[in-house]
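Below you'll find the structure, written out as C-alpha cells, and then a few comments.
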Amino acid sequence: MPDKKVTIQATRFDPDRDEKPRLQSYEIPFSDESMVVLDALNYIKSHVDGSLSYRWSCRMGICGSCGMMVNGTPKLTCNAFLRDYWPRPVVVEPLNNFPLIRDLVIDMDDFMHKLKSIKPWIIRKQEIPLGGGEHRQTNDQIDEFRQFSECINCMLCYAACPVYGLNNEFLGPAATALARRYNLDSRDQGLTQRLPVIADTEGVWECSFVGECSVVCPKGVDPAKAIQQTKLDTTMRFVLPFGTRE
Amino acid sequence: MIRRQALLHLLYWFAFAQGGVIAAVLIPVHVLIQGILGPLGVVPVVDRHYDTWVRVLGNPLVKLYLLVLIAVPFFHFAHRLRYLLVDLGVPAAKGAPAQAVFYGGAVLVTLVTIWVLLTTVPISFG
Amino acid sequence: MPANWWTRSRRYFLYVVREFTALPLALWLLWLLVEIKRAGDGPARYSPHGSAAFVVFSVIVLLFALYHSFTFLTLAGTIIHLRFIDRPVPASLIVLSQFALWAVASGVIAFVLIWFGR
C-alpha cells in the first residue's frame, strides 16, 4: 500500500512560553509494519519538528527511558506497535502522576529519591572481605526474588497507580518491589534498615491493591504482589508470638 | 524500627484482612439462605419461626459464631470504605479523626453485637 | 488527579466496585443484628422480615457478596506464599484450597440454618 499515513498527537509544552500542555498533531508515513511509537517520535524529530523533546535510549525494552502514555495507557514507546493503533490516531502524552518538564519529559526526581530510600543493594551486617570468597546461592534461592529483580525503573507502574496519583508521598510500586527483591535475597541482611521506610505510614499500608501496576509492567514484575506480601510478612513479624519486633 | 504511627496502620490492615476472609467465606450463604430462600419459603430456615430462632440463639457457640460473623467484617468494611473515600477525592478520610470514626465505628458495632447477643436470648445449653 | 479517575478504565471501575462491596455487606449484617434483636420481642409479636423489597435487597447484596468472595479469595492467593517440603506451593493451588474452604463452610452453614429451622 503506497503512502500509508499515521497520525500522532503528541503533548507539547514549553515552560517558558506555555501556560499548560497542548496536543499537536503530526501526520507521518507509516512505512513499515514493525514501526513503534518511538520510531514515529524519532521520525517527527528528524524530519518534521526538531524541537520535540522526549527521553529514549536503547529502543529495545531494556533501559526504561521511553515510558509515555499511549492512548491513555502507560507504555514503553519502543514496545508499542503503531499497527495496534492504526488507523486511529495515536495520542502520546507524558507519564501520568509526574511533574512535567517539557513536551514528553517528566521530572523523575521523586522516584529517584524513593528508589534510594529503600537501599536497593545487598546489605551485610558484616562485610566479607574480597578474599573471603563468593556468596553462593541455589537456584531455589534465586527463584525467590528473580521476577522482582527484572524491574528497569521505567516508572510505568507509578503512572498507572491512582494511589500515587492522589498522594505522591506514597512509596509506590517499583520501590517496594525492589525492596522486596533485596529482602528476599538470601545474601541480604538489610531488612531492618528497609522496614522503617517500606512499613511506614506512606509505605505499603497506603496501597489499596488496585493492581494496575502489575498489569502495565513491561517486564512481568508483579509489584502489587510485592506490596501485599510485604504487608503480610511485616504484620506476621508483629502479631506472631515468635516474630521479631524490631 | 517501625514508627508507632505506622504500627497502627499495621493493625488496621491485620483487622482488615481477617474481616475480609470472614466476610468472603461466611456471608454469601447467610444472604442466600436467610435473605432469599427463607423469606421465599423455598426451605425452612431457623429465623422464620420464633421457637427455632430462640433455641439456636441460646446456644453459646452460636453466639460466639454470630459475634465473629457480624463484628469482624466491620473492621474490613471500615478500612475499605475509608480508603474508598480517599480514592474518590476525600483526603480528610486519611486523617486521625476519620480513623477514629471508622475503626471506632467497627468497635462500636462489636460492642453492640455483644450486648444484643447477651441480652436478647439467655444462654442455654438445651 | 480528577475525582472521576476510576471511570477512565474498566479495571479501575471494577476496583471501585470491589471496594464498594463493603457497604451493602455492612447493611445486610446490620439487618441480621436487628433480626437477632427481634427474637427478644417474644413469641406472640415475633415476625421475621420477609417483604418483597427485602428479598430484592438481599439479591443485590448477594451479588456484591459473591463479587467480594471471588475477588478476595483470588487475590489472597497471590499474597500468601507457603512452602511445602522446601518447594513453594503454586498460587493456583492456594486459591483452589480457599475456594474449597468457602464451599465447605457454605455447605455446613446452609445445613445448620435449614436443619434447625424445621
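Every chain in the C-alpha cells takes a letter, A first, then B, and so on in the order presented; its residues are numbered from 1, and the ligands are numbered from 1 following the presented order.
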Counting only C-alpha atoms, which residues in chain B sit no more than 8 Å from chain C? For each one, give the nearest pair of atoms and the distance in Å, sorted by chain then residue number, as a Markdown table.
| residue | atom | partner | partner_atom | distance |
| --- | --- | --- | --- | --- |
| B:Gly20 | CA | C:Phe72 | CA | 7.0 |
| B:Val21 | CA | C:Phe72 | CA | 7.4 |
| B:Ala23 | CA | C:Ser69 | CA | 7.4 |
| B:Ala24 | CA | C:Ser69 | CA | 4.0 |
| B:Val25 | CA | C:Trp102 | CA | 4.8 |
| B:Leu26 | CA | C:Ser106 | CA | 6.6 |
| B:Ile27 | CA | C:Ala65 | CA | 6.8 |
| B:Pro28 | CA | C:Ala65 | CA | 5.5 |
| B:Val29 | CA | C:Ser106 | CA | 5.5 |
| B:His30 | CA | C:Ala110 | CA | 7.5 |
| B:Val31 | CA | C:Leu62 | CA | 6.0 |
| B:Leu32 | CA | C:Leu62 | CA | 6.7 |
| B:Ile33 | CA | C:Ala110 | CA | 6.8 |
| B:Gly35 | CA | C:Ser58 | CA | 5.2 |
| B:Ile36 | CA | C:Val55 | CA | 5.3 |
| B:Pro39 | CA | C:Gly50 | CA | 4.7 |
| B:Leu40 | CA | C:Gly50 | CA | 7.5 |
| B:Val43 | CA | C:Ile114 | CA | 6.7 |
| B:Pro44 | CA | C:Gly117 | CA | 5.3 |
| B:Val45 | CA | C:Gly117 | CA | 4.3 |
| B:Val46 | CA | C:Gly117 | CA | 3.7 |
| B:Asp47 | CA | C:Pro48 | CA | 6.7 |
| B:Arg48 | CA | C:Pro48 | CA | 5.6 |
| B:His49 | CA | C:Pro48 | CA | 7.4 |
| B:Tyr50 | CA | C:Pro43 | CA | 5.8 |
| B:Asp51 | CA | C:Pro43 | CA | 7.4 |
| B:Thr52 | CA | C:Gly117 | CA | 5.7 |
| B:Trp53 | CA | C:Ala39 | CA | 7.1 |
| B:Val54 | CA | C:Ala39 | CA | 6.4 |
| B:Val56 | CA | C:Phe116 | CA | 7.5 |
| B:Leu57 | CA | C:Ile36 | CA | 7.8 |
| B:Ile70 | CA | C:Leu29 | CA | 6.0 |
| B:Pro73 | CA | C:Ala26 | CA | 7.9 |
| B:Phe74 | CA | C:Ala26 | CA | 6.8 |
| B:His76 | CA | C:Ala22 | CA | 7.6 |
| B:Phe77 | CA | C:Ala22 | CA | 4.8 |
| B:Arg80 | CA | C:Glu19 | CA | 5.8 |
| B:Leu81 | CA | C:Ala22 | CA | 6.8 |
| B:Leu84 | CA | C:Glu19 | CA | 6.4 |
| B:Asp87 | CA | C:Ala3 | CA | 7.6 |
| B:Leu88 | CA | C:Ala3 | CA | 5.3 |
| B:Gly89 | CA | C:Ala3 | CA | 5.2 |
| B:Thr113 | CA | C:Leu33 | CA | 7.0 |
| B:Val116 | CA | C:Lys37 | CA | 6.1 |
| B:Leu117 | CA | C:Ile36 | CA | 7.6 |
| B:Thr120 | CA | C:Gly40 | CA | 5.0 |
| B:Val121 | CA | C:Gly40 | CA | 6.5 |
Can you tell me, as a ChimeraX atom specification, what residues are no more than 8 Å from Glu150 of chain A when counting only C-alpha atoms, ignoring any on the same chain fewer than 5 positions away? /A:219-221
Suppose we keep N, CA and C atoms; can you now write the selection as a PDB file, in the first residue's frame?
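again.pdb, written as the output of this step:
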ATOM      1  N   LYS A 219       7.965  -5.673  32.084  1.00  0.00           N
ATOM      2  CA  LYS A 219       8.933  -6.729  32.339  1.00  0.00           C
ATOM      3  C   LYS A 219       8.343  -7.889  33.145  1.00  0.00           C
ATOM      4  N   GLY A 220       7.032  -7.896  33.327  1.00  0.00           N
ATOM      5  CA  GLY A 220       6.402  -9.007  34.038  1.00  0.00           C
ATOM      6  C   GLY A 220       6.660  -9.030  35.537  1.00  0.00           C
ATOM      7  N   VAL A 221       7.085  -7.891  36.085  1.00  0.00           N
ATOM      8  CA  VAL A 221       7.235  -7.814  37.537  1.00  0.00           C
ATOM      9  C   VAL A 221       5.830  -7.652  38.135  1.00  0.00           C
TER      10      VAL A 221
END
Closest-contact table, chain A side, partner chain B, 9 Å, counting only C-alpha atoms, as JSON lines:
{"residue": "A:Pro162", "atom": "CA", "partner": "B:Asp87", "partner_atom": "CA", "distance": 7.6}
{"residue": "A:Val163", "atom": "CA", "partner": "B:Asp87", "partner_atom": "CA", "distance": 7.2}
{"residue": "A:Leu166", "atom": "CA", "partner": "B:Asp87", "partner_atom": "CA", "distance": 7.4}
{"residue": "A:Asn167", "atom": "CA", "partner": "B:Pro91", "partner_atom": "CA", "distance": 8.9}
{"residue": "A:Thr192", "atom": "CA", "partner": "B:Met1", "partner_atom": "CA", "distance": 7.0}
{"residue": "A:Gln193", "atom": "CA", "partner": "B:Met1", "partner_atom": "CA", "distance": 8.1}
{"residue": "A:Leu195", "atom": "CA", "partner": "B:Ile2", "partner_atom": "CA", "distance": 6.6}
{"residue": "A:Pro196", "atom": "CA", "partner": "B:Ile2", "partner_atom": "CA", "distance": 4.8}
{"residue": "A:Val197", "atom": "CA", "partner": "B:Ile2", "partner_atom": "CA", "distance": 8.1}
{"residue": "A:Ala199", "atom": "CA", "partner": "B:Ile2", "partner_atom": "CA", "distance": 6.7}
{"residue": "A:Asp200", "atom": "CA", "partner": "B:Ala6", "partner_atom": "CA", "distance": 5.0}
{"residue": "A:Thr201", "atom": "CA", "partner": "B:Ala6", "partner_atom": "CA", "distance": 4.7}
{"residue": "A:Glu202", "atom": "CA", "partner": "B:Ala6", "partner_atom": "CA", "distance": 8.4}
{"residue": "A:Gly203", "atom": "CA", "partner": "B:Ala6", "partner_atom": "CA", "distance": 8.8}
{"residue": "A:Trp205", "atom": "CA", "partner": "B:His9", "partner_atom": "CA", "distance": 6.3}
{"residue": "A:Glu206", "atom": "CA", "partner": "B:Tyr83", "partner_atom": "CA", "distance": 8.6}
{"residue": "A:Ser208", "atom": "CA", "partner": "B:Tyr83", "partner_atom": "CA", "distance": 7.1}
{"residue": "A:Lys231", "atom": "CA", "partner": "B:Leu10", "partner_atom": "CA", "distance": 7.6}
{"residue": "A:Leu232", "atom": "CA", "partner": "B:Phe14", "partner_atom": "CA", "distance": 8.1}
{"residue": "A:Thr234", "atom": "CA", "partner": "B:Leu10", "partner_atom": "CA", "distance": 7.9}
{"residue": "A:Thr235", "atom": "CA", "partner": "B:Leu10", "partner_atom": "CA", "distance": 6.1}
{"residue": "A:Met236", "atom": "CA", "partner": "B:Phe14", "partner_atom": "CA", "distance": 8.9}
{"residue": "A:Phe238", "atom": "CA", "partner": "B:Leu10", "partner_atom": "CA", "distance": 8.7}
{"residue": "A:Val239", "atom": "CA", "partner": "B:Leu11", "partner_atom": "CA", "distance": 8.8}
{"residue": "A:Arg245", "atom": "CA", "partner": "B:Met1", "partner_atom": "CA", "distance": 7.9}
{"residue": "A:Glu246", "atom": "CA", "partner": "B:Met1", "partner_atom": "CA", "distance": 5.0}
I need the residues of chain C that end up classed as alpha helix (DSSP H) by DSSP on the backbone, written out as a ChimeraX atom specification. /C:10-20,22-38,52-79,91-115
Point-to-point distance in Å for atom CA of Glu212 of chain A and atom CA of Asp185 of chain A: 25.6 Å
Name all residues at most 7 Å from segment 100-102 of chain A (count only C-alpha atoms; drop same-chain ones fewer than 6 positions away) and give them as JSON, numbers by chain. {"A": [13, 14, 15, 53]}
Generate the output file for the selected residues, N, CA, C and O atoms, as a CSV table (one decimal), in the first residue's frame.
chain,number,residue,atom,x,y,z
A,13,PHE,N,4.8,21.2,25.3
A,13,PHE,CA,4.8,22.1,26.5
A,13,PHE,C,6.2,22.8,26.6
A,13,PHE,O,7.2,22.1,26.8
A,14,ASP,N,6.2,24.1,26.5
A,14,ASP,CA,7.4,24.9,26.7
A,14,ASP,C,7.2,25.7,28.0
A,14,ASP,O,6.4,26.6,28.0
A,15,PRO,N,7.9,25.4,29.1
A,15,PRO,CA,7.6,26.0,30.4
A,15,PRO,C,7.8,27.5,30.3
A,15,PRO,O,7.2,28.3,31.1
A,53,SER,N,10.7,17.2,22.4
A,53,SER,CA,11.6,16.6,23.4
A,53,SER,C,11.0,15.4,24.1
A,53,SER,O,9.8,15.4,24.5
Considering only C-alpha atoms, extract the chain A residues located within 7 Å of chain C and return them as a PyMOL selection string. chain A and resi 165-166+210+225+228-229
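Around segment 125-135 of chain A, within 9 Å and counting only C-alpha atoms, the residues found are Arg187, Asp188, Gln189 and Gly190 of chain A, once anything fewer than 5 positions away on its own chain is removed.
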Atom CA of Trp115 of chain B and atom CA of Ala53 of chain C are how many Å apart?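 Those two atoms sit 28.5 Å apart.
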Figure out the distance between atom CA of Ala15 of chain B and atom CA of Val62 of chain B, please, to one decimal in Å.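 These two atoms are separated by 21.9 Å.
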Do you know which residues are at most 12 Å from Cys151 of chain A counting only C-alpha atoms, after dropping those on the same chain fewer than 5 positions away, and could you put them as an MDAnalysis selection string? chainID A and resid 61:64 115 120 145:146 156:157 173:181 213:214 217:223
File of the preceding selection, N, CA and C atoms, as a PDB file, in the first residue's frame:
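Once everything was written out, this is selection21.pdb:
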ATOM      1  N   GLY A  61      13.475  -2.030  25.025  1.00  0.00           N
ATOM      2  CA  GLY A  61      12.827  -2.503  26.253  1.00  0.00           C
ATOM      3  C   GLY A  61      13.772  -2.869  27.374  1.00  0.00           C
ATOM      4  N   ILE A  62      14.958  -2.290  27.403  1.00  0.00           N
ATOM      5  CA  ILE A  62      15.921  -2.616  28.440  1.00  0.00           C
ATOM      6  C   ILE A  62      16.187  -1.424  29.353  1.00  0.00           C
ATOM      7  N   CYS A  63      16.233  -0.222  28.778  1.00  0.00           N
ATOM      8  CA  CYS A  63      16.717   0.911  29.559  1.00  0.00           C
ATOM      9  C   CYS A  63      15.628   1.569  30.403  1.00  0.00           C
ATOM     10  N   GLY A  64      14.376   1.458  29.978  1.00  0.00           N
ATOM     11  CA  GLY A  64      13.279   2.030  30.762  1.00  0.00           C
ATOM     12  C   GLY A  64      13.149   3.536  30.655  1.00  0.00           C
ATOM     13  N   LEU A 115      13.555   5.433  45.285  1.00  0.00           N
ATOM     14  CA  LEU A 115      14.370   4.270  44.955  1.00  0.00           C
ATOM     15  C   LEU A 115      15.563   4.176  45.911  1.00  0.00           C
ATOM     16  N   PRO A 120      18.452  -0.121  47.518  1.00  0.00           N
ATOM     17  CA  PRO A 120      18.389  -1.267  46.616  1.00  0.00           C
ATOM     18  C   PRO A 120      19.764  -1.847  46.305  1.00  0.00           C
ATOM     19  N   PHE A 145      13.415 -14.381  44.426  1.00  0.00           N
ATOM     20  CA  PHE A 145      13.337 -12.938  44.163  1.00  0.00           C
ATOM     21  C   PHE A 145      13.490 -12.577  42.685  1.00  0.00           C
ATOM     22  N   ARG A 146      13.723 -13.576  41.827  1.00  0.00           N
ATOM     23  CA  ARG A 146      14.140 -13.288  40.455  1.00  0.00           C
ATOM     24  C   ARG A 146      13.206 -12.309  39.734  1.00  0.00           C
ATOM     25  N   LEU A 156       6.405   3.147  34.716  1.00  0.00           N
ATOM     26  CA  LEU A 156       5.047   2.947  34.196  1.00  0.00           C
ATOM     27  C   LEU A 156       4.089   2.633  35.334  1.00  0.00           C
ATOM     28  N   CYS A 157       4.577   1.873  36.336  1.00  0.00           N
ATOM     29  CA  CYS A 157       3.697   1.472  37.434  1.00  0.00           C
ATOM     30  C   CYS A 157       3.248   2.683  38.251  1.00  0.00           C
ATOM     31  N   PRO A 173       4.892   1.431  43.757  1.00  0.00           N
ATOM     32  CA  PRO A 173       5.076   0.037  43.353  1.00  0.00           C
ATOM     33  C   PRO A 173       6.540  -0.387  43.147  1.00  0.00           C
ATOM     34  N   ALA A 174       7.258   0.279  42.242  1.00  0.00           N
ATOM     35  CA  ALA A 174       8.588  -0.224  41.870  1.00  0.00           C
ATOM     36  C   ALA A 174       9.545  -0.222  43.061  1.00  0.00           C
ATOM     37  N   ALA A 175       9.512   0.834  43.871  1.00  0.00           N
ATOM     38  CA  ALA A 175      10.437   0.905  45.007  1.00  0.00           C
ATOM     39  C   ALA A 175      10.167  -0.238  45.976  1.00  0.00           C
ATOM     40  N   THR A 176       8.880  -0.551  46.203  1.00  0.00           N
ATOM     41  CA  THR A 176       8.558  -1.647  47.119  1.00  0.00           C
ATOM     42  C   THR A 176       8.953  -2.996  46.522  1.00  0.00           C
ATOM     43  N   ALA A 177       8.732  -3.140  45.213  1.00  0.00           N
ATOM     44  CA  ALA A 177       9.110  -4.395  44.556  1.00  0.00           C
ATOM     45  C   ALA A 177      10.618  -4.616  44.658  1.00  0.00           C
ATOM     46  N   LEU A 178      11.386  -3.532  44.499  1.00  0.00           N
ATOM     47  CA  LEU A 178      12.846  -3.673  44.585  1.00  0.00           C
ATOM     48  C   LEU A 178      13.284  -3.914  46.029  1.00  0.00           C
ATOM     49  N   ALA A 179      12.588  -3.285  46.983  1.00  0.00           N
ATOM     50  CA  ALA A 179      12.900  -3.559  48.387  1.00  0.00           C
ATOM     51  C   ALA A 179      12.685  -5.045  48.669  1.00  0.00           C
ATOM     52  N   ARG A 180      11.592  -5.575  48.126  1.00  0.00           N
ATOM     53  CA  ARG A 180      11.302  -6.988  48.349  1.00  0.00           C
ATOM     54  C   ARG A 180      12.344  -7.862  47.646  1.00  0.00           C
ATOM     55  N   ARG A 181      12.782  -7.417  46.463  1.00  0.00           N
ATOM     56  CA  ARG A 181      13.820  -8.171  45.750  1.00  0.00           C
ATOM     57  C   ARG A 181      15.054  -8.384  46.640  1.00  0.00           C
ATOM     58  N   CYS A 213      -0.517  -1.568  38.579  1.00  0.00           N
ATOM     59  CA  CYS A 213       0.944  -1.549  38.422  1.00  0.00           C
ATOM     60  C   CYS A 213       1.438  -2.837  37.771  1.00  0.00           C
ATOM     61  N   SER A 214       0.883  -3.961  38.240  1.00  0.00           N
ATOM     62  CA  SER A 214       1.337  -5.248  37.714  1.00  0.00           C
ATOM     63  C   SER A 214       0.841  -5.471  36.291  1.00  0.00           C
ATOM     64  N   CYS A 217       3.253  -3.353  33.858  1.00  0.00           N
ATOM     65  CA  CYS A 217       4.710  -3.591  33.889  1.00  0.00           C
ATOM     66  C   CYS A 217       5.169  -4.292  32.612  1.00  0.00           C
ATOM     67  N   PRO A 218       6.127  -3.698  31.885  1.00  0.00           N
ATOM     68  CA  PRO A 218       6.569  -4.302  30.633  1.00  0.00           C
ATOM     69  C   PRO A 218       7.527  -5.472  30.840  1.00  0.00           C
ATOM     70  N   LYS A 219       7.965  -5.673  32.084  1.00  0.00           N
ATOM     71  CA  LYS A 219       8.933  -6.729  32.339  1.00  0.00           C
ATOM     72  C   LYS A 219       8.343  -7.889  33.145  1.00  0.00           C
ATOM     73  N   GLY A 220       7.032  -7.896  33.327  1.00  0.00           N
ATOM     74  CA  GLY A 220       6.402  -9.007  34.038  1.00  0.00           C
ATOM     75  C   GLY A 220       6.660  -9.030  35.537  1.00  0.00           C
ATOM     76  N   VAL A 221       7.085  -7.891  36.085  1.00  0.00           N
ATOM     77  CA  VAL A 221       7.235  -7.814  37.537  1.00  0.00           C
ATOM     78  C   VAL A 221       5.830  -7.652  38.135  1.00  0.00           C
ATOM     79  N   ASP A 222       5.629  -8.122  39.338  1.00  0.00           N
ATOM     80  CA  ASP A 222       4.325  -8.037  39.990  1.00  0.00           C
ATOM     81  C   ASP A 222       4.451  -7.195  41.265  1.00  0.00           C
ATOM     82  N   PRO A 223       4.536  -5.852  41.100  1.00  0.00           N
ATOM     83  CA  PRO A 223       4.734  -5.007  42.286  1.00  0.00           C
ATOM     84  C   PRO A 223       3.572  -5.106  43.283  1.00  0.00           C
TER      85      PRO A 223
END
Can you tell me which residues surround Asp49 of chain A at a distance of at most 12 Å, considering only C-alpha atoms, apart from same-chain residues fewer than 6 positions away, and format the answer as a PyMOL selection string? chain A and resi 10+12+24-28+40-43
Among segment 63-115 of chain C, which ones does DSSP place in strand (DSSP E), written as an mmCIF file with N, CA and C atoms, in the first residue's frame?
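Written out: result_18.cif:
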data_model
loop_
_atom_site.group_PDB
_atom_site.id
_atom_site.type_symbol
_atom_site.label_atom_id
_atom_site.label_comp_id
_atom_site.auth_asym_id
_atom_site.auth_seq_id
_atom_site.Cartn_x
_atom_site.Cartn_y
_atom_site.Cartn_z
ATOM 1 N N ARG C 83 5.518 -22.668 51.783
ATOM 2 C CA ARG C 83 6.489 -23.634 51.278
ATOM 3 C C ARG C 83 6.108 -25.010 51.808
ATOM 4 N N PHE C 84 6.182 -26.002 50.933
ATOM 5 C CA PHE C 84 5.898 -27.365 51.358
ATOM 6 C C PHE C 84 7.067 -28.231 50.924
ATOM 7 N N ARG C 87 9.565 -26.550 48.732
ATOM 8 C CA ARG C 87 9.157 -26.040 47.424
ATOM 9 C C ARG C 87 8.019 -25.062 47.641
ATOM 10 N N PRO C 88 8.005 -23.924 46.914
ATOM 11 C CA PRO C 88 6.872 -23.017 47.051
ATOM 12 C C PRO C 88 5.582 -23.654 46.514
#
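If you measure from each of B:Phe75, B:Ala100, B:Ala106, B:Gly58 to Thr119 of chain B using only C-alpha atoms, the closest one turns out to be B:Gly58.
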